[in-house]
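Engineer: For reference, the file run-v9.cif (mmCIF, C-alpha atoms) is included below:
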```cif
data_final
#
loop_
_atom_site.label_atom_id
_atom_site.label_comp_id
_atom_site.auth_asym_id
_atom_site.auth_seq_id
_atom_site.Cartn_x
_atom_site.Cartn_y
_atom_site.Cartn_z
CA MET Y 1 0.54 5.40 -4.64
CA LYS Y 2 3.59 6.42 -2.83
CA LEU Y 3 4.45 4.15 -0.10
CA SER Y 4 7.38 6.01 1.05
CA ARG Y 5 6.99 9.68 0.92
CA ILE Y 6 7.13 9.48 4.66
CA GLY Y 7 10.52 8.96 5.64
CA ILE Y 8 11.84 5.62 6.49
CA THR Y 9 13.77 3.63 4.02
CA CYS Y 10 10.63 2.48 2.48
CA VAL Y 11 7.64 4.30 3.64
CA ALA Y 12 7.79 7.14 6.03
CA VAL Y 13 9.80 8.83 8.63
CA LEU Y 14 7.36 9.48 11.40
CA THR Y 15 8.14 11.83 14.20
CA THR Y 16 5.58 13.90 16.03
CA ARG Y 17 3.67 13.56 12.81
CA LEU Y 18 4.48 12.26 9.36
CA VAL Y 19 7.35 14.27 7.97
CA LEU Y 20 6.99 14.57 4.21
CA THR Y 21 10.21 14.09 2.30
CA ALA Y 22 10.99 12.94 -1.18
CA ALA Y 23 10.66 9.46 0.14
CA THR Y 24 7.31 9.67 1.85
CA SER Y 25 4.56 7.12 2.06
CA MET Y 26 0.92 7.70 1.32
CA LYS Y 27 -2.19 7.27 3.34
CA ILE Y 28 -5.77 6.81 2.31
CA ILE Y 29 -7.38 10.01 1.12
CA ASN Y 30 -11.13 10.51 1.48
CA GLY Y 31 -11.62 6.93 2.59
CA THR Y 32 -13.36 5.20 5.48
CA VAL Y 33 -12.29 3.30 8.60
CA VAL Y 34 -12.11 -0.47 8.33
CA GLY Y 35 -14.04 -1.94 11.26
CA PRO Y 36 -12.41 -4.61 13.47
CA SER Y 37 -14.98 -7.17 12.30
CA SER Y 38 -13.93 -6.78 8.69
CA PRO Y 39 -12.02 -9.67 7.06
CA LEU Y 40 -9.55 -7.05 5.88
CA HIS Y 41 -8.18 -6.92 9.43
CA ALA Y 42 -7.35 -10.62 9.27
CA MET Y 43 -4.89 -10.23 6.37
CA PHE Y 44 -3.45 -6.69 6.66
CA ALA Y 45 -0.02 -6.37 8.30
CA LEU Y 46 1.82 -3.27 9.54
CA PRO Y 47 5.65 -3.50 9.30
CA THR Y 48 8.04 -2.01 11.87
CA LYS Y 49 11.48 -0.48 11.30
CA THR Y 50 13.40 -3.40 12.79
CA GLY Y 51 12.67 -6.80 14.28
CA ASP Y 52 13.13 -5.44 17.80
CA SER Y 53 11.22 -2.19 17.31
CA ASP Y 54 7.53 -1.33 17.29
CA GLU Y 55 8.07 1.92 15.39
CA TRP Y 56 6.18 1.93 12.11
CA LEU Y 57 8.23 1.43 8.95
CA GLY Y 58 5.88 3.65 6.97
CA CYS Y 59 4.39 1.00 4.68
CA GLY Y 60 1.79 -1.75 4.71
CA ALA Y 61 1.75 -5.44 3.78
CA SER Y 62 -0.61 -8.38 3.38
CA ILE Y 63 -0.43 -11.91 4.75
CA ILE Y 64 -0.48 -14.28 1.74
CA SER Y 65 0.35 -17.63 3.37
CA PRO Y 66 0.97 -19.08 6.85
CA THR Y 67 4.63 -18.06 6.58
CA PHE Y 68 4.85 -15.12 4.14
CA ALA Y 69 3.68 -11.53 3.70
CA LEU Y 70 3.70 -9.42 0.53
CA THR Y 71 4.73 -5.76 0.21
CA SER Y 72 6.45 -3.29 -2.13
CA ALA Y 73 10.20 -3.38 -2.71
CA HIS Y 74 10.62 0.40 -2.56
CA CYS Y 75 9.61 0.31 1.10
CA PHE Y 76 13.13 -0.98 1.70
CA GLY Y 77 14.97 1.53 -0.46
CA GLY Y 78 14.49 3.03 -3.89
CA GLY Y 79 16.38 5.28 -6.27
CA GLU Y 80 20.11 4.63 -6.01
CA THR Y 81 19.77 2.25 -3.05
CA PRO Y 82 17.08 -0.28 -4.07
CA CYS Y 83 16.06 -2.80 -1.45
CA THR Y 84 19.02 -2.19 0.84
CA GLY Y 85 17.15 -2.72 4.08
CA PRO Y 86 16.18 -3.16 6.80
CA LYS Y 87 16.71 -6.87 6.24
CA GLN Y 88 14.68 -7.91 9.29
CA ILE Y 89 11.51 -6.28 10.61
CA ALA Y 90 8.43 -7.23 12.59
CA LEU Y 91 4.82 -7.37 11.45
CA TRP Y 92 1.76 -6.47 13.50
CA ILE Y 93 -1.55 -8.05 12.46
CA GLY Y 94 -5.05 -7.69 13.84
CA ASP Y 95 -6.66 -5.10 16.11
CA ILE Y 96 -3.87 -2.53 16.29
CA ASP Y 97 -3.45 1.24 16.47
CA LEU Y 98 -0.77 3.64 15.25
CA ASP Y 99 0.19 6.44 17.61
CA ARG Y 100 0.47 9.69 15.66
CA GLY Y 101 2.88 11.24 18.11
CA THR Y 102 5.43 8.45 18.31
CA SER Y 103 4.63 6.30 15.24
CA GLN Y 104 4.53 3.32 17.60
CA VAL Y 105 2.31 0.34 16.76
CA THR Y 106 0.29 -0.93 19.71
CA ALA Y 107 -2.21 -3.70 20.30
CA ASN Y 108 -5.74 -2.50 20.94
CA ALA Y 109 -6.88 -3.44 24.44
CA GLY Y 110 -9.53 -6.13 24.30
CA GLY Y 111 -8.78 -6.96 20.69
CA ARG Y 112 -6.88 -9.78 19.02
CA SER Y 113 -3.41 -9.14 17.60
CA PHE Y 114 -0.22 -10.95 16.61
CA ARG Y 115 3.40 -9.79 16.28
CA VAL Y 116 6.00 -11.76 14.34
CA LYS Y 117 9.52 -11.08 13.08
CA ALA Y 118 10.16 -11.41 9.36
CA ASP Y 119 13.10 -11.41 6.94
CA LEU Y 120 13.16 -9.41 3.70
CA VAL Y 121 13.15 -11.27 0.38
CA CYS Y 122 13.43 -8.57 -2.27
CA ASN Y 123 12.66 -8.99 -5.95
CA PRO Y 124 16.12 -8.96 -7.59
CA ALA Y 125 14.60 -7.35 -10.69
CA PHE Y 126 13.62 -4.15 -8.82
CA ASP Y 127 15.94 -1.35 -9.98
CA GLY Y 128 14.88 1.36 -7.52
CA LYS Y 129 12.29 2.98 -9.81
CA CYS Y 130 8.68 2.03 -9.06
CA SER Y 131 7.65 3.16 -12.55
CA HIS Y 132 9.85 0.47 -14.08
CA GLY Y 133 7.77 -2.27 -12.47
CA ASN Y 134 9.02 -5.19 -10.35
CA ASP Y 135 8.10 -3.22 -7.21
CA VAL Y 136 7.45 -6.22 -4.99
CA ALA Y 137 9.03 -7.94 -2.00
CA LEU Y 138 8.25 -10.85 0.29
CA LEU Y 139 8.56 -11.01 4.07
CA LYS Y 140 9.39 -14.48 5.42
CA LEU Y 141 7.83 -14.93 8.86
CA HIS Y 142 9.88 -16.48 11.66
CA LYS Y 143 6.89 -18.50 12.81
CA PRO Y 144 3.51 -19.43 11.32
CA ILE Y 145 0.47 -17.23 11.87
CA PRO Y 146 -2.34 -18.31 14.24
CA ASN Y 147 -5.53 -19.74 12.74
CA TRP Y 148 -7.58 -16.55 13.14
CA ILE Y 149 -5.36 -14.74 10.64
CA LYS Y 150 -6.63 -15.47 7.13
CA PRO Y 151 -4.20 -15.06 4.21
CA VAL Y 152 -5.62 -13.03 1.36
CA PRO Y 153 -6.11 -14.91 -1.93
CA LEU Y 154 -3.90 -13.62 -4.75
CA ASP Y 155 -4.87 -13.03 -8.35
CA LEU Y 156 -1.90 -14.88 -9.82
CA SER Y 157 -3.75 -15.71 -13.04
CA GLY Y 158 -4.64 -12.13 -13.92
CA THR Y 159 -8.31 -12.97 -14.41
CA ASN Y 160 -9.87 -11.02 -11.55
CA LYS Y 161 -11.63 -7.67 -11.51
CA ASP Y 162 -8.92 -5.17 -12.32
CA LYS Y 163 -10.29 -4.30 -15.74
CA VAL Y 164 -11.03 -0.74 -16.88
CA GLY Y 165 -14.01 0.61 -14.96
CA ASP Y 166 -13.76 -1.88 -12.10
CA ILE Y 167 -13.56 -0.56 -8.55
CA VAL Y 168 -10.60 -1.75 -6.51
CA THR Y 169 -9.85 -0.96 -2.88
CA PRO Y 170 -6.45 0.11 -1.55
CA MET Y 171 -6.05 0.38 2.22
CA GLY Y 172 -3.53 1.51 4.78
CA PHE Y 173 -2.46 3.83 7.61
CA GLY Y 174 -1.04 6.60 5.40
CA LEU Y 175 -1.74 10.32 5.20
CA THR Y 176 -5.33 11.50 5.08
CA GLU Y 177 -7.16 14.58 3.84
CA ARG Y 178 -7.86 17.62 6.00
CA ALA Y 179 -11.06 17.15 7.96
CA ARG Y 180 -12.81 20.15 6.43
CA ARG Y 181 -10.85 20.44 3.18
CA LYS Y 182 -11.23 17.39 0.98
CA THR Y 183 -8.72 18.68 -1.56
CA GLU Y 184 -5.88 19.24 0.92
CA VAL Y 185 -3.60 16.50 2.25
CA SER Y 186 -2.91 16.63 5.97
CA GLN Y 187 0.44 15.83 7.55
CA SER Y 188 -1.03 13.23 9.86
CA SER Y 189 -1.17 9.51 9.33
CA SER Y 190 -4.22 7.52 10.30
CA GLU Y 191 -4.41 5.90 13.72
CA THR Y 192 -6.55 3.08 12.30
CA LEU Y 193 -6.75 1.06 9.10
CA ARG Y 194 -8.61 2.84 6.30
CA LYS Y 195 -9.78 1.90 2.82
CA VAL Y 196 -10.95 3.67 -0.30
CA GLY Y 197 -12.47 2.68 -3.63
CA VAL Y 198 -10.82 3.83 -6.86
CA SER Y 199 -11.68 3.09 -10.50
CA VAL Y 200 -9.31 1.17 -12.76
CA LEU Y 201 -8.41 3.47 -15.66
CA ALA Y 202 -7.22 2.75 -19.20
CA GLN Y 203 -3.44 2.70 -19.50
CA ASP Y 204 -3.65 5.26 -22.30
CA ALA Y 205 -6.08 7.57 -20.48
CA ALA Y 206 -4.76 11.14 -20.46
CA ASN Y 207 -4.24 11.28 -16.68
CA CYS Y 208 -2.53 7.86 -16.60
CA ALA Y 209 -0.28 8.84 -19.49
CA LYS Y 210 0.68 11.99 -17.57
CA MET Y 211 1.46 9.93 -14.47
CA TYR Y 212 3.49 7.41 -16.45
CA SER Y 213 5.47 10.18 -18.17
CA GLY Y 214 7.03 11.26 -14.88
CA GLY Y 215 6.71 8.26 -12.57
CA TRP Y 216 6.55 10.47 -9.46
CA GLY Y 217 5.94 9.45 -5.86
CA CYS Y 218 8.09 6.34 -5.47
CA SER Y 219 10.68 6.91 -2.73
CA ASP Y 220 12.91 9.86 -3.62
CA ASP Y 221 13.86 12.10 -6.53
CA ALA Y 222 16.28 9.49 -7.90
CA SER Y 223 13.45 6.96 -8.14
CA SER Y 224 11.32 9.06 -10.52
CA SER Y 225 11.51 8.03 -14.15
CA PRO Y 226 9.23 7.55 -17.18
CA ALA Y 227 7.33 4.29 -16.84
CA GLN Y 228 8.34 0.97 -18.37
CA ASN Y 229 6.75 -2.49 -18.19
CA LEU Y 230 3.18 -1.21 -18.00
CA ASP Y 231 1.95 -4.79 -17.94
CA MET Y 232 3.17 -4.85 -14.32
CA GLN Y 233 1.13 -1.78 -13.33
CA ILE Y 234 -2.49 -0.77 -12.74
CA CYS Y 235 -3.50 2.88 -13.04
CA ALA Y 236 -6.50 3.73 -10.85
CA GLY Y 237 -8.02 6.87 -9.43
CA ALA Y 238 -11.06 8.94 -8.58
CA THR Y 239 -13.79 9.55 -11.14
CA SER Y 240 -16.03 11.64 -8.85
CA PHE Y 241 -15.70 13.96 -5.86
CA PRO Y 242 -14.38 13.59 -3.21
CA ASP Y 243 -11.16 12.43 -4.81
CA GLY Y 244 -10.13 9.12 -3.23
CA ASP Y 245 -6.55 7.98 -3.40
CA ALA Y 246 -3.73 6.23 -1.59
CA CYS Y 247 -1.05 8.42 -0.09
CA ALA Y 248 2.24 8.54 1.79
CA GLY Y 249 2.48 5.62 4.18
CA ASP Y 250 0.28 3.30 2.11
CA SER Y 251 3.02 1.79 -0.04
CA GLY Y 252 3.12 -1.98 -0.01
CA SER Y 253 -0.46 -2.17 1.20
CA PRO Y 254 -2.84 -4.51 -0.61
CA VAL Y 255 -5.35 -3.51 -3.28
CA ILE Y 256 -8.43 -5.76 -3.20
CA ASP Y 257 -11.08 -6.40 -5.86
CA ALA Y 258 -14.82 -6.81 -5.29
CA SER Y 259 -14.48 -10.52 -4.50
CA GLY Y 260 -11.82 -9.99 -1.83
CA VAL Y 261 -8.87 -11.09 -3.98
CA GLN Y 262 -5.65 -9.09 -3.93
CA VAL Y 263 -4.96 -7.75 -7.43
CA GLY Y 264 -2.37 -5.08 -6.62
CA LEU Y 265 -0.02 -3.30 -4.20
CA VAL Y 266 0.30 0.42 -3.56
CA SER Y 267 3.34 1.60 -5.50
CA TYR Y 268 3.56 5.24 -6.60
CA GLY Y 269 1.55 8.22 -7.88
CA GLY Y 270 0.60 11.85 -7.37
CA GLY Y 271 2.01 15.04 -8.80
CA PRO Y 272 5.69 16.06 -8.87
CA GLY Y 273 7.07 17.87 -5.86
CA GLU Y 274 5.53 18.06 -2.40
CA LYS Y 275 2.37 20.14 -2.84
CA MET Y 276 -0.22 19.32 -0.18
CA GLU Y 277 -3.13 21.06 -1.90
CA GLY Y 278 -4.25 22.30 -5.28
CA ASP Y 279 -3.38 20.98 -8.71
CA GLY Y 280 -0.54 18.49 -8.76
CA ARG Y 281 -0.75 17.69 -5.03
CA ILE Y 282 0.92 14.53 -3.79
CA CYS Y 283 -2.35 12.61 -3.35
CA GLY Y 284 -5.98 12.89 -4.34
CA ASP Y 285 -5.57 14.82 -7.62
CA PRO Y 286 -7.55 12.99 -10.36
CA ASN Y 287 -5.08 14.38 -12.92
CA PHE Y 288 -2.29 12.40 -11.23
CA PRO Y 289 -3.83 9.01 -10.30
CA GLY Y 290 -2.25 6.25 -8.29
CA VAL Y 291 -0.28 3.41 -9.83
CA TYR Y 292 -0.35 -0.06 -8.28
CA GLY Y 293 1.85 -3.09 -8.84
CA ARG Y 294 -0.09 -5.85 -10.60
CA VAL Y 295 0.02 -9.05 -8.51
CA SER Y 296 -0.34 -11.41 -11.49
CA ALA Y 297 2.84 -9.94 -13.03
CA PHE Y 298 4.79 -11.15 -9.99
CA LYS Y 299 3.57 -14.75 -10.15
CA ASP Y 300 6.98 -16.28 -10.87
CA PHE Y 301 8.72 -14.39 -8.05
CA ILE Y 302 5.99 -15.27 -5.55
CA THR Y 303 5.57 -18.95 -6.41
CA LYS Y 304 9.33 -19.50 -6.56
CA ASN Y 305 9.69 -18.40 -2.95
CA VAL Y 306 6.36 -19.23 -1.27
CA ALA Y 307 5.64 -22.96 -1.05
CA ASP Y 308 2.59 -22.74 1.22
CA LEU Y 309 0.22 -20.49 -0.72
CA PRO Y 310 -3.35 -21.44 0.25
CA ALA Y 311 -5.68 -22.94 -2.31
CA ALA Y 312 -7.73 -20.37 -4.19
CA ARG Y 313 -10.66 -19.05 -2.16
CA PHE Y 314 -12.63 -15.86 -1.82
CA MET Y 315 -12.81 -13.50 1.12
CA SER Y 316 -16.40 -12.95 2.18
CA PHE Y 317 -17.50 -9.41 3.04
CA ALA Y 318 -20.51 -8.79 5.23
CA GLU Y 319 -22.89 -6.15 3.88
CA SER Y 320 -21.79 -3.82 6.62
CA GLU Y 321 -18.21 -4.18 5.41
CA ASP Y 322 -18.74 -3.73 1.68
CA PRO Y 323 -15.17 -2.94 0.55
CA PHE Y 324 -16.40 -0.32 -1.92
CA ARG Y 325 -18.93 1.48 0.24
CA ASP Y 326 -18.10 5.08 1.12
CA ILE Y 327 -14.64 4.92 -0.41
CA ALA Y 328 -12.47 7.86 -1.23
CA PRO Y 329 -8.74 7.89 -0.28
CA HIS Y 330 -5.51 6.80 -1.97
CA LEU Y 331 -2.65 4.89 -0.38
CA ARG Y 332 0.79 5.23 -1.74
CA ARG Y 333 4.07 6.07 -0.36
#
```
Have the structure of the file written as structure tokens, please.

Structural biologist:
Amino acid sequence: MKLSRIGITCVAVLTTRLVLTAATSMKIINGTVVGPSSPLHAMFALPTKTGDSDEWLGCGASIISPTFALTSAHCFGGGETPCTGPKQIALWIGDIDLDRGTSQVTANAGGRSFRVKADLVCNPAFDGKCSHGNDVALLKLHKPIPNWIKPVPLDLSGTNKDKVGDIVTPMGFGLTERARRKTEVSQSSSETLRKVGVSVLAQDAANCAKMYSGGWGCSDDASSSPAQNLDMQICAGATSFPDGDACAGDSGSPVIDASGVQVGLVSYGGGPGEKMEGDGRICGDPNFPGVYGRVSAFKDFITKNVADLPAARFMSFAESEDPFRDIAPHLRR
């Protein structure tokens, strides 16, 4: 799921439009817009480049407690410079938009939004290679969230629906497919939050094995490496057309199961190189599925640092906001 094929330290370097580099982030491919009434809006957070800027960092995050958010470590540097910064950012939550031309995050007029500064708490075990696991970081908020923001429940026990054949839903503001060409990745990020349903695949499935052999799509060429610690990773992708996936700009964004529990984070995926269409393209190729960090594998790191995790609960989805209805795109960086 490539969270940072876009350009900033961790997710994307956005100019007039997303500029694809070796460290790009991914956006949802062949997915659908998440409506403002969805509970997903009440837990998804969009990071900025610095605490005093509203320019998008190029990744996503989730609110997991009144004072903490969860994201991927490679959003803050991968390869030879793992988790080197920025050390302080801001998070936007709620009814927000992303301007394609300037990559600025803005509050939607008439909606409800919240901006808060946050400090980076990186997993010290992350070595700069997403495929080695440990691709997780925490963001410590400077002040508690308001009551209307609802932290997402985490699958810290590893018992939720991320088994082979289950549908899980990544989301984000990353790159999307071309409007009339479902097998070509555009160079534009989404202006609104999107989601897509992908199937959990067997770790030894041929396409997962191919993805694990190269470990492409983390943050830069130096971050690619054959996978290790597969217990920390979930391989998931499309099993029917159109090919849903996460893409550049989606790194760090949450992956939710059918009950509304976060089971993963967008980490890496896609073919080698920077192909935007055809076999081996950066997103949406079923032969190169997305790989997501497994939340339950990070239990010790999370519980050691977050003292105010909410009691276990489930996020309720209205029928009109079924998280797996009309899904299609991938979100990595």

Engineer: To test your reading of the syntax: which residues would the PyMOL selection byres ((chain Y and resi 222-227) around 9) return for the file shown? Reply as a short mmCIF file (atom, residue, chain, number, x, y, z; two decimals) with C-alpha atoms, in the frame of the given file.

Structural biologist:
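File written: expr16.cif
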```cif
data_model
loop_
_atom_site.label_atom_id
_atom_site.label_comp_id
_atom_site.auth_asym_id
_atom_site.auth_seq_id
_atom_site.Cartn_x
_atom_site.Cartn_y
_atom_site.Cartn_z
CA GLY Y 78 14.49 3.03 -3.89
CA GLY Y 79 16.38 5.28 -6.27
CA GLU Y 80 20.11 4.63 -6.01
CA ASP Y 127 15.94 -1.35 -9.98
CA GLY Y 128 14.88 1.36 -7.52
CA LYS Y 129 12.29 2.98 -9.81
CA CYS Y 130 8.68 2.03 -9.06
CA SER Y 131 7.65 3.16 -12.55
CA HIS Y 132 9.85 0.47 -14.08
CA GLY Y 133 7.77 -2.27 -12.47
CA MET Y 211 1.46 9.93 -14.47
CA TYR Y 212 3.49 7.41 -16.45
CA SER Y 213 5.47 10.18 -18.17
CA GLY Y 214 7.03 11.26 -14.88
CA GLY Y 215 6.71 8.26 -12.57
CA TRP Y 216 6.55 10.47 -9.46
CA GLY Y 217 5.94 9.45 -5.86
CA CYS Y 218 8.09 6.34 -5.47
CA SER Y 219 10.68 6.91 -2.73
CA ASP Y 220 12.91 9.86 -3.62
CA ASP Y 221 13.86 12.10 -6.53
CA GLN Y 228 8.34 0.97 -18.37
CA ASN Y 229 6.75 -2.49 -18.19
CA LEU Y 230 3.18 -1.21 -18.00
#
```

Engineer: Please enumerate the residues selected by the PyMOL selection byres ((chain Y and resi 156) around 12) when evaluated against the supplied file, formatted as a CSV table (one decimal) with C-alpha atoms, keeping the file's coordinate frame.

Structural biologist:
```csv
chain,number,residue,atom,x,y,z
Y,64,ILE,CA,-0.5,-14.3,1.7
Y,152,VAL,CA,-5.6,-13.0,1.4
Y,153,PRO,CA,-6.1,-14.9,-1.9
Y,154,LEU,CA,-3.9,-13.6,-4.8
Y,155,ASP,CA,-4.9,-13.0,-8.4
Y,157,SER,CA,-3.8,-15.7,-13.0
Y,158,GLY,CA,-4.6,-12.1,-13.9
Y,159,THR,CA,-8.3,-13.0,-14.4
Y,160,ASN,CA,-9.9,-11.0,-11.6
Y,261,VAL,CA,-8.9,-11.1,-4.0
Y,262,GLN,CA,-5.6,-9.1,-3.9
Y,263,VAL,CA,-5.0,-7.8,-7.4
Y,264,GLY,CA,-2.4,-5.1,-6.6
Y,294,ARG,CA,-0.1,-5.8,-10.6
Y,295,VAL,CA,0.0,-9.0,-8.5
Y,296,SER,CA,-0.3,-11.4,-11.5
Y,297,ALA,CA,2.8,-9.9,-13.0
Y,298,PHE,CA,4.8,-11.2,-10.0
Y,299,LYS,CA,3.6,-14.8,-10.2
Y,300,ASP,CA,7.0,-16.3,-10.9
Y,301,PHE,CA,8.7,-14.4,-8.0
Y,302,ILE,CA,6.0,-15.3,-5.6
Y,303,THR,CA,5.6,-19.0,-6.4
Y,309,LEU,CA,0.2,-20.5,-0.7
Y,311,ALA,CA,-5.7,-22.9,-2.3
Y,312,ALA,CA,-7.7,-20.4,-4.2
```

Engineer: Translate the PyMOL selection byres ((chain Y and resi 254) around 8) into a concrete residue list for this structure, as a compact mmCIF listing (two decimals) with C-alpha atoms, in the frame of the given file.

Structural biologist:
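Okay, this is what ended up in result.txt:
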```txt
# COMPACT_ATOMS: atom_id res chain seq x y z
CA PHE Y 44 -3.45 -6.69 6.66
CA GLY Y 60 1.79 -1.75 4.71
CA ALA Y 61 1.75 -5.44 3.78
CA SER Y 62 -0.61 -8.38 3.38
CA THR Y 71 4.73 -5.76 0.21
CA PRO Y 170 -6.45 0.11 -1.55
CA MET Y 171 -6.05 0.38 2.22
CA GLY Y 252 3.12 -1.98 -0.01
CA SER Y 253 -0.46 -2.17 1.20
CA VAL Y 255 -5.35 -3.51 -3.28
CA ILE Y 256 -8.43 -5.76 -3.20
CA GLN Y 262 -5.65 -9.09 -3.93
CA VAL Y 263 -4.96 -7.75 -7.43
CA GLY Y 264 -2.37 -5.08 -6.62
CA LEU Y 265 -0.02 -3.30 -4.20
CA VAL Y 266 0.30 0.42 -3.56
```

Engineer: Which residue gives the smallest distance to Ser188 (chain Y) among Y:Pro47, Y:Gly101, Y:Gly237, Y:Gly280, with only C-alpha atoms counted?

Structural biologist: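 Smallest separation from Ser188 (chain Y) among the options: Y:Gly101.
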
Engineer: Select, from Y:Glu274, Y:Ser251, Y:Pro286, Y:Gln233, the residue with the minimum atom-to-atom distance to Ala206 (chain Y), counting only C-alpha atoms.

Structural biologist: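 Result for the nearest residue to Ala206 (chain Y): Y:Pro286.
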
Engineer: Here is a test: counting all atoms listed in the file, which residue of Y:Phe288, Y:Tyr268, Y:Phe241, Y:Phe68 is nearest to Asp135 (chain Y)?

Structural biologist: Y:Tyr268

Engineer: Skipping near chain neighbours, those fewer than 5 positions away, what residues fall within 8 Å of Leu98 (chain Y) using all atoms listed in the file, listed as number ranges by chain?

Structural biologist: Y: 56, 103-106, 173, 190-192

Engineer: Give me, please, the distance in Å between CA of Lys140 (chain Y) and CA of Ala69 (chain Y), quoted to one decimal.

Structural biologist: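 Spanning CA of Lys140 (chain Y) to CA of Ala69 (chain Y) is a straight-line distance of 6.7 Å.
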
Engineer: Residues within 8 Å of Glu277 (chain Y), please, as a VMD selection string. Count only C-alpha atoms; anything in the same chain fewer than 2 positions from it doesn't count.

Structural biologist: chain Y and resid 183 to 185 275 279 to 282

Engineer: Near region 34-40 of chain Y, counting all atoms listed in the file, which residues have an atom at most 7 Å away, once you skip same-chain residues fewer than 2 positions from it, shown as a list in words?

Structural biologist: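 With the cut-off at 7 Å, the set is Thr32, Ala42, Met43, Phe44, Asp95, Leu193, Arg194, Lys195, Phe317 and Glu321 of chain Y.
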
Engineer: Could you save the residues just selected, with C-alpha atoms, as a short mmCIF file (atom, residue, chain, number, x, y, z; two decimals), in the frame of the given file?

Structural biologist:
```cif
data_model
loop_
_atom_site.label_atom_id
_atom_site.label_comp_id
_atom_site.auth_asym_id
_atom_site.auth_seq_id
_atom_site.Cartn_x
_atom_site.Cartn_y
_atom_site.Cartn_z
CA THR Y 32 -13.36 5.20 5.48
CA ALA Y 42 -7.35 -10.62 9.27
CA MET Y 43 -4.89 -10.23 6.37
CA PHE Y 44 -3.45 -6.69 6.66
CA ASP Y 95 -6.66 -5.10 16.11
CA LEU Y 193 -6.75 1.06 9.10
CA ARG Y 194 -8.61 2.84 6.30
CA LYS Y 195 -9.78 1.90 2.82
CA PHE Y 317 -17.50 -9.41 3.04
CA GLU Y 321 -18.21 -4.18 5.41
#
```

Engineer: Would you compute the distance between CA of Ile89 (chain Y) and CA of Lys117 (chain Y)? Give it in Å to one decimal.

Structural biologist: 5.8 Å

Engineer: If you count all atoms listed in the file, which residues fall within 12 Å of Ala107 (chain Y), apart from same-chain ones fewer than 2 positions away, as a count of residues only?

Structural biologist: 22

Engineer: Could you tell me which of Y:Asn108, Y:Thr48, Y:Cys75, Y:Pro66 comes closest to Gln88 (chain Y) if we count all atoms listed in the file?

Structural biologist: Y:Thr48

Engineer: Which one is closest to Arg100 (chain Y): Y:Leu175, Y:Val168, Y:Val291, Y:Leu138? Count all atoms listed in the file.

Structural biologist: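 For Arg100 (chain Y), the nearest of the candidates is Y:Leu175.
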
Engineer: My list of candidates is Y:Ile145, Y:Leu139, Y:Cys235, Y:Val306. Which is closest to Gly293 (chain Y) when distances are computed with only C-alpha atoms?

Structural biologist: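 The closest residue to Gly293 (chain Y) is Y:Cys235.
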
Engineer: In Å, how far is it from CA of Pro124 (chain Y) to CA of Cys283 (chain Y)?

Structural biologist: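 Computing the Euclidean distance for CA of Pro124 (chain Y) and CA of Cys283 (chain Y) yields 28.7 Å.
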
Engineer: Using the file's own x, y and z axes, so that the box edges lie along x, y and z, what centre and edge lengths in Å (one decimal) does a box around every listed atom of region 153-158 of chain Y get when 4 Å is added on each side? Give it as lines of an AutoDock Vina configuration file.

Structural biologist:
```
center_x = -4.0
center_y = -13.9
center_z = -7.9
size_x = 12.2
size_y = 11.6
size_z = 20.0
```
